[in-house]
Structures are given as C-alpha cells and as structure tokens.
$ cat input.tsv   # TSV, C-alpha atoms
chain	number	residue	atom	x	y	z
A	13	MET	CA	1.26	-47.78	4.67
A	14	TYR	CA	0.83	-44.61	2.69
A	15	ARG	CA	-2.13	-45.77	0.65
A	16	PHE	CA	-4.22	-43.15	2.37
A	17	LEU	CA	-2.59	-40.62	0.03
A	18	LEU	CA	-4.66	-42.10	-2.81
A	19	THR	CA	-7.98	-41.48	-1.09
A	20	PRO	CA	-10.24	-38.69	-2.47
A	21	ARG	CA	-9.78	-36.70	0.73
A	22	TRP	CA	-6.01	-36.58	0.29
A	23	TRP	CA	-6.32	-35.85	-3.42
A	24	VAL	CA	-8.16	-32.66	-2.46
A	25	ILE	CA	-5.62	-31.79	0.25
A	26	ASN	CA	-2.64	-32.35	-2.05
A	27	LEU	CA	-4.23	-30.37	-4.88
A	28	PHE	CA	-4.90	-27.46	-2.52
A	29	VAL	CA	-1.27	-27.50	-1.32
A	30	LEU	CA	0.15	-27.71	-4.85
A	31	LEU	CA	-1.92	-24.69	-5.91
A	32	SER	CA	-1.50	-22.62	-2.75
A	33	ILE	CA	2.28	-22.69	-2.49
A	34	PRO	CA	3.01	-21.27	-5.99
A	35	VAL	CA	0.35	-18.60	-5.50
A	36	CYS	CA	1.83	-17.53	-2.16
A	37	LEU	CA	5.37	-17.48	-3.57
A	38	PHE	CA	4.26	-15.50	-6.64
A	39	MET	CA	2.40	-12.91	-4.59
A	40	GLY	CA	5.31	-12.59	-2.16
A	41	SER	CA	7.77	-12.12	-5.01
A	42	TRP	CA	5.50	-9.55	-6.65
A	43	GLN	CA	5.21	-7.52	-3.43
A	44	LEU	CA	8.99	-7.71	-3.01
A	45	SER	CA	9.51	-6.42	-6.56
A	46	ARG	CA	7.17	-3.52	-5.81
A	47	PHE	CA	9.25	-2.63	-2.76
A	48	GLU	CA	12.49	-2.87	-4.76
A	49	ASP	CA	11.05	-0.60	-7.46
A	50	ARG	CA	10.23	2.00	-4.84
A	51	VAL	CA	13.75	1.74	-3.40
A	52	ASP	CA	15.27	2.16	-6.86
A	53	SER	CA	13.09	5.17	-7.68
A	54	HIS	CA	13.94	6.72	-4.32
A	55	GLN	CA	17.68	6.24	-4.87
A	56	ALA	CA	17.47	7.65	-8.40
A	57	ARG	CA	15.59	10.68	-7.11
A	58	GLN	CA	18.15	11.21	-4.36
A	59	GLU	CA	20.98	11.05	-6.92
A	60	ARG	CA	19.24	13.57	-9.16
A	61	SER	CA	18.67	15.88	-6.20
A	62	ALA	CA	22.32	15.63	-5.18
A	63	GLU	CA	23.62	16.29	-8.69
A	64	GLY	CA	21.02	18.94	-9.49
A	65	THR	CA	18.92	19.23	-12.62
A	66	ALA	CA	21.25	19.13	-15.57
A	67	GLU	CA	19.86	21.09	-18.50
A	68	ALA	CA	21.72	18.83	-20.91
A	69	ASP	CA	19.80	15.80	-19.58
A	70	ALA	CA	16.40	17.48	-19.75
A	71	ARG	CA	13.99	16.00	-22.28
A	72	PRO	CA	11.26	17.84	-24.19
A	73	LEU	CA	8.04	18.06	-22.21
A	74	ASP	CA	5.97	16.27	-24.85
A	75	ASP	CA	8.34	13.26	-24.71
A	76	LEU	CA	7.57	12.80	-21.00
A	77	LEU	CA	3.79	12.90	-21.38
A	78	PRO	CA	1.49	11.31	-20.46
A	79	LEU	CA	2.89	11.30	-16.94
A	80	THR	CA	3.89	7.96	-15.43
A	81	GLN	CA	5.76	6.88	-12.32
A	82	GLU	CA	8.88	6.61	-14.47
A	83	THR	CA	8.63	10.10	-15.98
A	84	ALA	CA	7.58	11.84	-12.75
A	85	GLY	CA	10.63	13.53	-11.30
A	86	GLN	CA	12.45	13.67	-14.63
A	87	PRO	CA	13.97	16.97	-15.85
A	88	ALA	CA	11.88	18.51	-18.62
A	89	ARG	CA	12.31	21.52	-20.87
A	90	THR	CA	9.93	23.58	-22.94
A	91	THR	CA	9.67	27.04	-24.45
A	92	GLY	CA	6.99	29.68	-24.17
A	93	SER	CA	6.16	32.99	-22.57
A	94	TYR	CA	5.16	33.64	-18.97
A	95	ASP	CA	1.65	34.98	-18.35
A	96	ALA	CA	2.37	37.44	-15.53
A	97	GLY	CA	-1.25	38.58	-15.56
A	98	HIS	CA	-2.37	35.18	-14.25
A	99	GLU	CA	0.35	34.55	-11.69
A	100	PHE	CA	-0.71	32.79	-8.48
A	101	LEU	CA	0.69	32.39	-4.99
A	102	VAL	CA	0.45	29.05	-3.20
A	103	PRO	CA	0.40	29.73	0.57
A	104	GLY	CA	1.21	27.42	3.47
A	105	ARG	CA	4.21	25.72	1.85
A	106	HIS	CA	7.27	24.74	3.84
A	107	LEU	CA	10.91	24.71	2.86
A	108	GLY	CA	12.68	22.81	5.60
A	109	ASP	CA	11.28	24.16	8.88
A	110	ARG	CA	10.31	27.54	7.38
A	111	GLU	CA	6.82	28.41	6.20
A	112	GLY	CA	6.22	30.48	3.11
A	113	PHE	CA	4.57	30.32	-0.30
A	114	TYR	CA	5.24	29.16	-3.85
A	115	VAL	CA	5.19	31.47	-6.86
A	116	LEU	CA	3.24	29.78	-9.64
A	117	THR	CA	3.29	31.33	-13.12
A	118	PRO	CA	1.65	29.77	-16.21
A	119	LEU	CA	3.96	29.36	-19.20
A	120	ARG	CA	2.08	29.70	-22.51
A	121	THR	CA	3.51	27.14	-24.93
A	122	GLY	CA	3.33	26.97	-28.70
A	123	ASP	CA	0.17	24.82	-28.77
A	124	GLY	CA	-1.84	27.39	-26.81
A	125	ARG	CA	-1.86	25.48	-23.56
A	126	ALA	CA	-0.10	26.63	-20.40
A	127	LEU	CA	2.33	24.74	-18.19
A	128	PRO	CA	2.18	25.65	-14.47
A	129	VAL	CA	5.72	26.61	-13.43
A	130	VAL	CA	6.73	27.02	-9.79
A	131	ARG	CA	9.41	29.68	-10.17
A	132	GLY	CA	10.46	29.59	-6.52
A	133	TRP	CA	9.61	29.93	-2.83
A	134	LEU	CA	9.54	32.94	-0.52
A	135	PRO	CA	9.24	32.92	3.29
A	136	GLY	CA	6.42	34.52	5.27
A	137	GLU	CA	2.91	35.51	4.27
A	138	ALA	CA	1.88	35.39	0.62
A	139	ASP	CA	2.49	38.90	-0.74
A	140	PRO	CA	2.58	39.59	-4.51
A	141	ALA	CA	4.58	42.80	-3.91
A	142	ARG	CA	7.60	40.71	-2.88
A	143	VAL	CA	7.57	38.54	-6.01
A	144	PRO	CA	10.03	39.41	-8.79
A	145	ALA	CA	8.54	39.77	-12.26
A	146	PRO	CA	9.02	36.80	-14.59
A	147	PRO	CA	11.27	37.15	-17.65
A	148	ALA	CA	9.54	38.80	-20.59
A	149	GLY	CA	9.27	37.38	-24.06
A	150	GLU	CA	9.88	33.81	-25.17
A	151	VAL	CA	12.01	31.83	-22.76
A	152	SER	CA	13.29	28.27	-22.44
A	153	VAL	CA	12.40	26.76	-19.08
A	154	THR	CA	13.90	23.66	-17.51
A	155	GLY	CA	12.48	22.06	-14.38
A	156	VAL	CA	11.57	18.82	-12.67
A	157	LEU	CA	8.29	17.31	-13.85
A	158	GLN	CA	5.75	16.88	-11.06
A	159	ALA	CA	2.41	15.09	-10.75
A	160	PRO	CA	-0.74	17.15	-10.12
A	161	GLU	CA	-1.61	17.63	-6.48
A	162	SER	CA	-4.77	16.57	-4.67
A	163	GLN	CA	-6.48	17.30	-1.38
A	164	SER	CA	-4.26	14.70	0.33
A	165	SER	CA	-0.96	16.11	-1.02
A	166	PRO	CA	1.46	17.52	1.59
A	167	GLY	CA	0.89	21.25	2.02
A	168	ALA	CA	-2.34	21.32	0.00
A	169	VAL	CA	-4.82	23.92	1.24
A	170	GLY	CA	-8.53	23.37	0.66
A	171	GLY	CA	-11.36	25.83	0.79
A	172	ALA	CA	-11.68	29.42	-0.39
A	173	LEU	CA	-8.56	31.56	-0.68
A	174	PRO	CA	-8.02	35.24	-1.48
A	175	LYS	CA	-7.91	36.28	-5.12
A	176	GLY	CA	-4.61	35.44	-6.76
A	177	GLN	CA	-3.98	32.40	-4.55
A	178	VAL	CA	-4.48	28.67	-5.05
A	179	GLY	CA	-4.12	25.89	-2.52
A	180	ILE	CA	-3.63	22.94	-4.89
A	181	ILE	CA	-1.45	22.81	-8.00
A	182	SER	CA	-3.44	20.96	-10.63
A	183	ALA	CA	-5.27	21.56	-13.89
A	184	ALA	CA	-8.59	21.04	-12.11
A	185	THR	CA	-7.80	23.99	-9.83
A	186	LEU	CA	-6.46	26.32	-12.53
A	187	VAL	CA	-8.83	25.58	-15.40
A	188	ASN	CA	-11.48	27.97	-14.05
A	189	LEU	CA	-8.95	30.70	-13.26
A	190	VAL	CA	-7.24	31.10	-16.64
A	191	PRO	CA	-8.73	31.56	-20.14
A	192	TYR	CA	-6.84	28.66	-21.75
A	193	GLU	CA	-6.14	24.97	-21.31
A	194	VAL	CA	-3.62	23.85	-18.72
A	195	TYR	CA	-1.31	20.83	-18.67
A	196	ASP	CA	-2.24	18.44	-15.87
A	197	VAL	CA	1.39	18.47	-14.70
A	198	TRP	CA	3.70	21.15	-13.38
A	199	ILE	CA	7.42	21.76	-13.10
A	200	THR	CA	9.59	23.31	-10.44
A	201	VAL	CA	12.63	25.20	-11.71
A	202	GLN	CA	15.89	24.52	-9.91
A	203	ARG	CA	17.46	27.92	-10.71
A	204	ALA	CA	15.18	30.44	-9.07
A	205	GLN	CA	15.36	34.21	-9.47
A	206	GLU	CA	16.63	36.15	-6.48
A	207	PRO	CA	15.37	36.49	-3.77
A	208	MET	CA	13.31	33.32	-4.38
A	209	GLU	CA	14.64	29.89	-3.49
A	210	ALA	CA	14.23	26.80	-5.65
A	211	VAL	CA	11.49	24.38	-4.62
A	212	PRO	CA	12.84	20.81	-4.34
A	213	PRO	CA	10.83	18.19	-6.26
A	214	VAL	CA	8.54	15.88	-4.34
A	215	ALA	CA	8.00	12.17	-4.85
A	216	ALA	CA	4.92	11.23	-6.81
A	217	ALA	CA	2.22	9.23	-5.05
A	218	GLY	CA	3.07	5.55	-5.07
A	219	THR	CA	6.82	6.06	-5.32
A	220	GLY	CA	9.64	6.51	-2.84
A	221	LEU	CA	10.17	5.08	0.63
A	222	ASP	CA	6.83	6.02	2.15
A	223	LEU	CA	4.42	4.02	4.29
A	224	LYS	CA	3.09	2.13	1.26
A	225	ALA	CA	6.61	0.96	0.43
A	226	PHE	CA	6.98	-0.69	3.83
A	227	GLN	CA	3.48	-2.10	3.48
A	228	ASN	CA	4.73	-3.91	0.37
A	229	LEU	CA	7.60	-5.29	2.44
A	230	GLY	CA	5.18	-6.45	5.14
A	231	TYR	CA	2.92	-8.14	2.57
A	232	THR	CA	6.00	-9.91	1.20
A	233	ALA	CA	6.68	-11.48	4.59
A	234	GLN	CA	3.02	-12.41	5.04
A	235	TRP	CA	2.80	-14.29	1.74
A	236	PHE	CA	5.99	-16.24	2.46
A	237	VAL	CA	4.70	-17.08	5.95
A	238	PHE	CA	1.44	-18.32	4.40
A	239	ALA	CA	3.42	-20.65	2.13
A	240	GLY	CA	5.34	-22.04	5.10
A	241	PHE	CA	2.12	-22.45	7.09
A	242	VAL	CA	0.53	-24.49	4.27
A	243	VAL	CA	3.54	-26.84	4.22
A	244	PHE	CA	3.49	-27.14	8.02
A	245	MET	CA	-0.21	-28.01	8.17
A	246	TRP	CA	0.17	-30.58	5.37
A	247	TYR	CA	3.04	-32.22	7.30
A	248	ARG	CA	1.00	-32.39	10.49
A	249	LEU	CA	-1.94	-33.99	8.72
A	250	PHE	CA	0.35	-36.44	6.91
A	251	ARG	CA	2.15	-37.42	10.10
A	252	ARG	CA	-1.06	-38.01	12.03
A	253	GLU	CA	-2.54	-40.08	9.19
A	254	ALA	CA	0.69	-42.11	8.84
A	255	GLU	CA	0.79	-42.86	12.58
A	256	THR	CA	-2.83	-43.99	12.49
A	257	ALA	CA	-2.14	-46.27	9.50
A	258	ARG	CA	0.92	-47.76	11.24
A	259	ASP	CA	-1.03	-48.49	14.40
A	260	LEU	CA	-3.76	-50.22	12.43
A	261	ALA	CA	-1.13	-52.32	10.62
A	262	LEU	CA	0.23	-53.47	14.02
A	263	GLY	CA	-3.24	-54.27	15.27
A	264	ILE	CA	-3.34	-51.36	17.65
A	265	GLU	CA	-6.71	-49.74	17.71
A	266	ALA	CA	-7.21	-46.21	18.75
A	267	PRO	CA	-8.32	-46.03	22.37
A	268	THR	CA	-11.97	-45.36	22.89
A	269	GLU	CA	-13.33	-43.27	25.67
A	270	PRO	CA	-14.76	-45.41	28.51
A	271	THR	CA	-18.46	-45.11	29.10
A	272	GLU	CA	-19.71	-44.50	32.62
A	273	PRO	CA	-21.76	-47.42	34.06
A	274	THR	CA	-25.38	-46.68	34.69
A	275	ALA	CA	-26.45	-46.99	38.32
A	276	GLU	CA	-29.01	-49.76	38.97
A	277	PRO	CA	-31.98	-48.85	41.14
A	278	SER	CA	-31.59	-50.16	44.69
A	279	PRO	CA	-34.31	-52.63	45.89
A	280	VAL	CA	-37.07	-51.21	47.98
A	281	ARG	CA	-36.83	-52.45	51.57
A	282	GLU	CA	-40.14	-53.04	53.28
A	283	GLU	CA	-40.28	-52.01	56.90
A	284	PRO	CA	-42.43	-54.10	59.36
A	285	ALA	CA	-45.65	-52.47	60.32
A	286	ALA	CA	-45.67	-50.85	63.75
A	287	ALA	CA	-47.83	-52.29	66.48
A	288	GLY	CA	-51.28	-50.82	66.79
A	289	SER	CA	-51.03	-49.25	63.45
A	290	GLY	CA	-54.13	-51.06	62.29
A	291	ALA	CA	-52.26	-52.98	59.62
A	292	PRO	CA	-53.18	-56.64	59.27
A	293	SER	CA	-50.88	-58.96	61.23
A	294	ALA	CA	-49.06	-61.79	59.52
A	295	GLU	CA	-50.35	-64.24	62.22
A	296	LYS	CA	-54.00	-64.88	62.94
A	297	SER	CA	-55.12	-64.80	66.58
A	298	ALA	CA	-56.19	-68.13	68.10
A	299	PRO	CA	-59.90	-68.68	68.49
$ encode --input "input.tsv" --output "structure tokens"
Amino acid sequence: MYRFLLTPRWWVINLFVLLSIPVCLFMGSWQLSRFEDRVDSHQARQERSAEGTAEADARPLDDLLPLTQETAGQPARTTGSYDAGHEFLVPGRHLGDREGFYVLTPLRTGDGRALPVVRGWLPGEADPARVPAPPAGEVSVTGVLQAPESQSSPGAVGGALPKGQVGIISAATLVNLVPYEVYDVWITVQRAQEPMEAVPPVAAAGTGLDLKAFQNLGYTAQWFVFAGFVVFMWYRLFRREAETARDLALGIEAPTEPTEPTAEPSPVREEPAAAGSGAPSAEKSAP
C-alpha cells in the first residue's frame, strides 16, 4: 500500500524533508542562543551598573584590547597624563531628561598614544569656562570601556561644530584634531570631579535588549514554524497518496469530470412553396 514511498518522486520529497528539518531547527536554535547572549550581557551590565565600577576588578587597558562584545562595558584602568590643551566638549548629550555636554580629555599613555576619557557631564550649553581642570601630572584612571561611536550612535552630532567641540567620540574624529595617535576606544569614569556628574556606560552595538535582540527572538519562532510547516506538508502529501493507493487497491477509480454532450444539428425543414410564387409544382397540369 505504501510502495509509492519508493518511487523517485517520493525519494526527492523525503530527502528534502530530512534535510530541511535539521536546518530549520539549527537556525532556530542559533537565533535563540543569540537572544540569550544578549539577555545575559544586558543582565551583567545591569549588575555592574548597580554595583558600580570596582577599581579592584578593573583590568589593564591592554588586556581588554582589541575591543570585543565581551570586553565592551568592562572596567579598565591605565596610567598617563591628561592633555588639557586638547580637551573637547561633546554637546547635545542627555543625562536622564536633562540636556548637557560631555567633557572629553585625552589621556597620554606610556606608549605615546592617547585614550579619550569622558571625565563627566555638565548641564546646559557647552561652555569650557564651567569645566574643572583635569588633575596634573601622572594619574591612574579607571573607567568603563566603550566602543567608538558612529553617525548612528545615540546623541551623535554630525556636521561642523565650533572649535573645541566634537560630535562623535571616535579615533576617526579625533585623529585630525590632536598631534598623536588615539585609541579607537574610550572610557567613562564613574567618579567624576565636582560639579560634573559621571556618564553612565552605554551598551555596545549588537548587545543588550534592543530591537535586534527581539528580532533574534522573532527569527527563532519563524525557523521553528518553518520546521513544523515542512512536517505538515509532508503529512498532507503522504495522506493523499495513501488514500489514492487504497482506493486503487479496492478497485475504486478516481471520479472523472463528465464531458458535456455536443449538440447535434437539427434537420432542415423544407417549407412548401407558396402559390403563385413561380416555383415548379409537384403535379403537372392535365393536357
């Protein structure tokens, strides 16, 4: 009854099903793992924010580079001297519902490069006269490691700005403004000088519970639905084929659609000729 499963057509169908289901399940599981990773990174970041940046847990900056999704948001420490002559203000930045600006000061490290350090946030318009001077001499700085910003980063300001201001915190923005190399990362200190307030760290792109995280969750559901749909369609095809094979075994043929009979042309009826019409009469007149 099920010999149809050995036909070439069903070999192709079965092979497609056997390959499709594992692929769908693998892709669904992979998307689910991506979502779980984002949840874990978000929870870890929330715990670090709640506990604060512990200086004892901070790792040397070089140990956290190059930057990855795992090292972004980690506490880092390094030593150097602030370059107050190349300090920048980053306008249009919000802290809660208040608008203000960041204070960004390069920290010259021992290898000659500079690490952009956000020393704090001040409300209102960007004004260098309100910014406290950075500590002089060699200092040890601890802060949360952050990924470089881009045009799409929250708060980023594009276009020309007044001298002494930058709209995007990245090495690409600062490299033409300072006479030395710049790390393509930055840190935000969590113990700001008065009257500045500490800038909370932000989640790196591709981490945290953002829209992309819930897209991963949606893709997970889609792949699992695809796997179920493949099984459902295989069952429907199998059931229809089995019913057809059973009917043939019982001598029941599939009903055929009746054909409409063709109409035969009706015979032509000859009408008798009217009198005086000039048509020849069937009877001859007597002589």
$ closest_residue --input "input.tsv" --among "A:Gly104, A:Gly85, A:Pro191, A:Pro147" --to "Ala204 of chain A" --atoms "all atoms listed in the file"
A:Pro147
$ atom_distance --input "input.tsv" --atom1 "atom CA of Gln158 of chain A" --atom2 "atom CA of Ala141 of chain A"
26.9 Å
$ atom_distance --input "input.tsv" --atom1 "atom CA of Gly97 of chain A" --atom2 "atom CA of Pro72 of chain A"
25.7 Å
$ atom_distance --input "input.tsv" --atom1 "atom CA of Ala159 of chain A" --atom2 "atom CA of Leu101 of chain A"
18.3 Å
$ closest_residue --input "input.tsv" --among "A:Glu137, A:Pro166, A:Trp23, A:Tyr231" --to "Trp42 of chain A" --atoms "only C-alpha atoms"
A:Tyr231
$ residues_around --input "input.tsv" --residues "Val115 of chain A" --least-positions-apart "5" --cutoff "12 Å" --atoms "all atoms listed in the file" --output "MDAnalysis selection string"
chainID A and resid 96 98:105 128:135 138:146 176:179 181 199:201 204:205 207:211
$ write_last_selection --input "input.tsv" --atoms "C-alpha atoms" --output "mmCIF file, in the frame of the given file"
data_model
loop_
_atom_site.group_PDB
_atom_site.id
_atom_site.type_symbol
_atom_site.label_atom_id
_atom_site.label_comp_id
_atom_site.auth_asym_id
_atom_site.auth_seq_id
_atom_site.Cartn_x
_atom_site.Cartn_y
_atom_site.Cartn_z
ATOM 1 C CA ALA A 96 2.370 37.440 -15.530
ATOM 2 C CA HIS A 98 -2.370 35.180 -14.250
ATOM 3 C CA GLU A 99 0.350 34.550 -11.690
ATOM 4 C CA PHE A 100 -0.710 32.790 -8.480
ATOM 5 C CA LEU A 101 0.690 32.390 -4.990
ATOM 6 C CA VAL A 102 0.450 29.050 -3.200
ATOM 7 C CA PRO A 103 0.400 29.730 0.570
ATOM 8 C CA GLY A 104 1.210 27.420 3.470
ATOM 9 C CA ARG A 105 4.210 25.720 1.850
ATOM 10 C CA PRO A 128 2.180 25.650 -14.470
ATOM 11 C CA VAL A 129 5.720 26.610 -13.430
ATOM 12 C CA VAL A 130 6.730 27.020 -9.790
ATOM 13 C CA ARG A 131 9.410 29.680 -10.170
ATOM 14 C CA GLY A 132 10.460 29.590 -6.520
ATOM 15 C CA TRP A 133 9.610 29.930 -2.830
ATOM 16 C CA LEU A 134 9.540 32.940 -0.520
ATOM 17 C CA PRO A 135 9.240 32.920 3.290
ATOM 18 C CA ALA A 138 1.880 35.390 0.620
ATOM 19 C CA ASP A 139 2.490 38.900 -0.740
ATOM 20 C CA PRO A 140 2.580 39.590 -4.510
ATOM 21 C CA ALA A 141 4.580 42.800 -3.910
ATOM 22 C CA ARG A 142 7.600 40.710 -2.880
ATOM 23 C CA VAL A 143 7.570 38.540 -6.010
ATOM 24 C CA PRO A 144 10.030 39.410 -8.790
ATOM 25 C CA ALA A 145 8.540 39.770 -12.260
ATOM 26 C CA PRO A 146 9.020 36.800 -14.590
ATOM 27 C CA GLY A 176 -4.610 35.440 -6.760
ATOM 28 C CA GLN A 177 -3.980 32.400 -4.550
ATOM 29 C CA VAL A 178 -4.480 28.670 -5.050
ATOM 30 C CA GLY A 179 -4.120 25.890 -2.520
ATOM 31 C CA ILE A 181 -1.450 22.810 -8.000
ATOM 32 C CA ILE A 199 7.420 21.760 -13.100
ATOM 33 C CA THR A 200 9.590 23.310 -10.440
ATOM 34 C CA VAL A 201 12.630 25.200 -11.710
ATOM 35 C CA ALA A 204 15.180 30.440 -9.070
ATOM 36 C CA GLN A 205 15.360 34.210 -9.470
ATOM 37 C CA PRO A 207 15.370 36.490 -3.770
ATOM 38 C CA MET A 208 13.310 33.320 -4.380
ATOM 39 C CA GLU A 209 14.640 29.890 -3.490
ATOM 40 C CA ALA A 210 14.230 26.800 -5.650
ATOM 41 C CA VAL A 211 11.490 24.380 -4.620
#
$ closest_residue --input "input.tsv" --among "A:Leu260, A:Leu186, A:Ala239, A:Ala168" --to "Phe38 of chain A" --atoms "all atoms listed in the file"
A:Ala239
$ closest_residue --input "input.tsv" --among "A:Pro118, A:Gly108, A:Gly167, A:Gly240" --to "Cys36 of chain A" --atoms "all atoms listed in the file"
A:Gly240
$ closest_residue --input "input.tsv" --among "A:Asp69, A:Glu82, A:Asp74, A:Val153" --to "Tyr94 of chain A" --atoms "all atoms listed in the file"
A:Val153
$ closest_residue --input "input.tsv" --among "A:Asp75, A:Asp95, A:Asp259, A:Asp52" --to "Gly124 of chain A" --atoms "only C-alpha atoms"
A:Asp95
$ decode --input "input.tsv" --residues "segment 174-184 of chain A" --atoms "all heavy atoms" --output "mmCIF file, in the first residue's frame"
data_model
loop_
_atom_site.group_PDB
_atom_site.id
_atom_site.type_symbol
_atom_site.label_atom_id
_atom_site.label_comp_id
_atom_site.auth_asym_id
_atom_site.auth_seq_id
_atom_site.Cartn_x
_atom_site.Cartn_y
_atom_site.Cartn_z
ATOM 1 N N PRO A 174 31.704 74.224 16.571
ATOM 2 C CA PRO A 174 32.697 75.237 16.964
ATOM 3 C C PRO A 174 34.005 74.603 17.406
ATOM 4 O O PRO A 174 34.059 73.431 17.780
ATOM 5 C CB PRO A 174 32.008 75.964 18.125
ATOM 6 C CG PRO A 174 30.547 75.706 17.933
ATOM 7 C CD PRO A 174 30.447 74.344 17.313
ATOM 8 N N LYS A 175 35.061 75.381 17.363
ATOM 9 C CA LYS A 175 36.379 74.888 17.770
ATOM 10 C C LYS A 175 36.337 74.426 19.221
ATOM 11 O O LYS A 175 35.750 75.085 20.086
ATOM 12 C CB LYS A 175 37.429 75.988 17.594
ATOM 13 C CG LYS A 175 38.842 75.517 17.888
ATOM 14 C CD LYS A 175 39.847 76.638 17.664
ATOM 15 C CE LYS A 175 41.273 76.175 17.962
ATOM 16 N NZ LYS A 175 42.260 77.254 17.754
ATOM 17 N N GLY A 176 36.971 73.285 19.467
ATOM 18 C CA GLY A 176 36.982 72.736 20.819
ATOM 19 C C GLY A 176 35.810 71.817 21.104
ATOM 20 O O GLY A 176 35.663 71.364 22.245
ATOM 21 N N GLN A 177 35.005 71.498 20.076
ATOM 22 C CA GLN A 177 33.872 70.600 20.263
ATOM 23 C C GLN A 177 33.926 69.476 19.232
ATOM 24 O O GLN A 177 34.400 69.674 18.100
ATOM 25 C CB GLN A 177 32.536 71.351 20.124
ATOM 26 C CG GLN A 177 32.300 72.397 21.184
ATOM 27 C CD GLN A 177 30.914 73.016 21.088
ATOM 28 O OE1 GLN A 177 30.021 72.463 20.451
ATOM 29 N NE2 GLN A 177 30.737 74.164 21.734
ATOM 30 N N VAL A 178 33.446 68.312 19.616
ATOM 31 C CA VAL A 178 33.313 67.174 18.714
ATOM 32 C C VAL A 178 31.921 66.592 18.916
ATOM 33 O O VAL A 178 31.352 66.661 20.002
ATOM 34 C CB VAL A 178 34.396 66.094 18.964
ATOM 35 C CG1 VAL A 178 35.775 66.614 18.614
ATOM 36 C CG2 VAL A 178 34.355 65.610 20.406
ATOM 37 N N GLY A 179 31.388 66.016 17.858
ATOM 38 C CA GLY A 179 30.048 65.447 17.940
ATOM 39 C C GLY A 179 30.027 63.947 18.065
ATOM 40 O O GLY A 179 29.017 63.350 18.448
ATOM 41 N N ILE A 180 31.161 63.296 17.742
ATOM 42 C CA ILE A 180 31.261 61.836 17.766
ATOM 43 C C ILE A 180 32.560 61.454 18.462
ATOM 44 O O ILE A 180 33.627 61.993 18.133
ATOM 45 C CB ILE A 180 31.224 61.257 16.338
ATOM 46 C CG1 ILE A 180 29.928 61.641 15.629
ATOM 47 C CG2 ILE A 180 31.372 59.737 16.361
ATOM 48 C CD1 ILE A 180 29.880 61.257 14.166
ATOM 49 N N ILE A 181 32.484 60.539 19.396
ATOM 50 C CA ILE A 181 33.673 60.103 20.132
ATOM 51 C C ILE A 181 34.247 58.876 19.433
ATOM 52 O O ILE A 181 33.735 57.763 19.552
ATOM 53 C CB ILE A 181 33.326 59.764 21.594
ATOM 54 C CG1 ILE A 181 32.612 60.942 22.265
ATOM 55 C CG2 ILE A 181 34.588 59.403 22.366
ATOM 56 C CD1 ILE A 181 32.134 60.637 23.671
ATOM 57 N N SER A 182 35.304 59.095 18.683
ATOM 58 C CA SER A 182 35.973 58.008 17.974
ATOM 59 C C SER A 182 37.345 58.485 17.544
ATOM 60 O O SER A 182 37.614 59.693 17.461
ATOM 61 C CB SER A 182 35.166 57.565 16.747
ATOM 62 O OG SER A 182 35.172 58.561 15.754
ATOM 63 N N ALA A 183 38.223 57.516 17.241
ATOM 64 C CA ALA A 183 39.559 57.869 16.779
ATOM 65 C C ALA A 183 39.499 58.582 15.440
ATOM 66 O O ALA A 183 40.302 59.475 15.168
ATOM 67 C CB ALA A 183 40.416 56.612 16.677
ATOM 68 N N ALA A 184 38.540 58.202 14.584
ATOM 69 C CA ALA A 184 38.422 58.842 13.277
ATOM 70 C C ALA A 184 38.095 60.324 13.405
ATOM 71 O O ALA A 184 38.507 61.132 12.563
ATOM 72 C CB ALA A 184 37.349 58.141 12.455
#
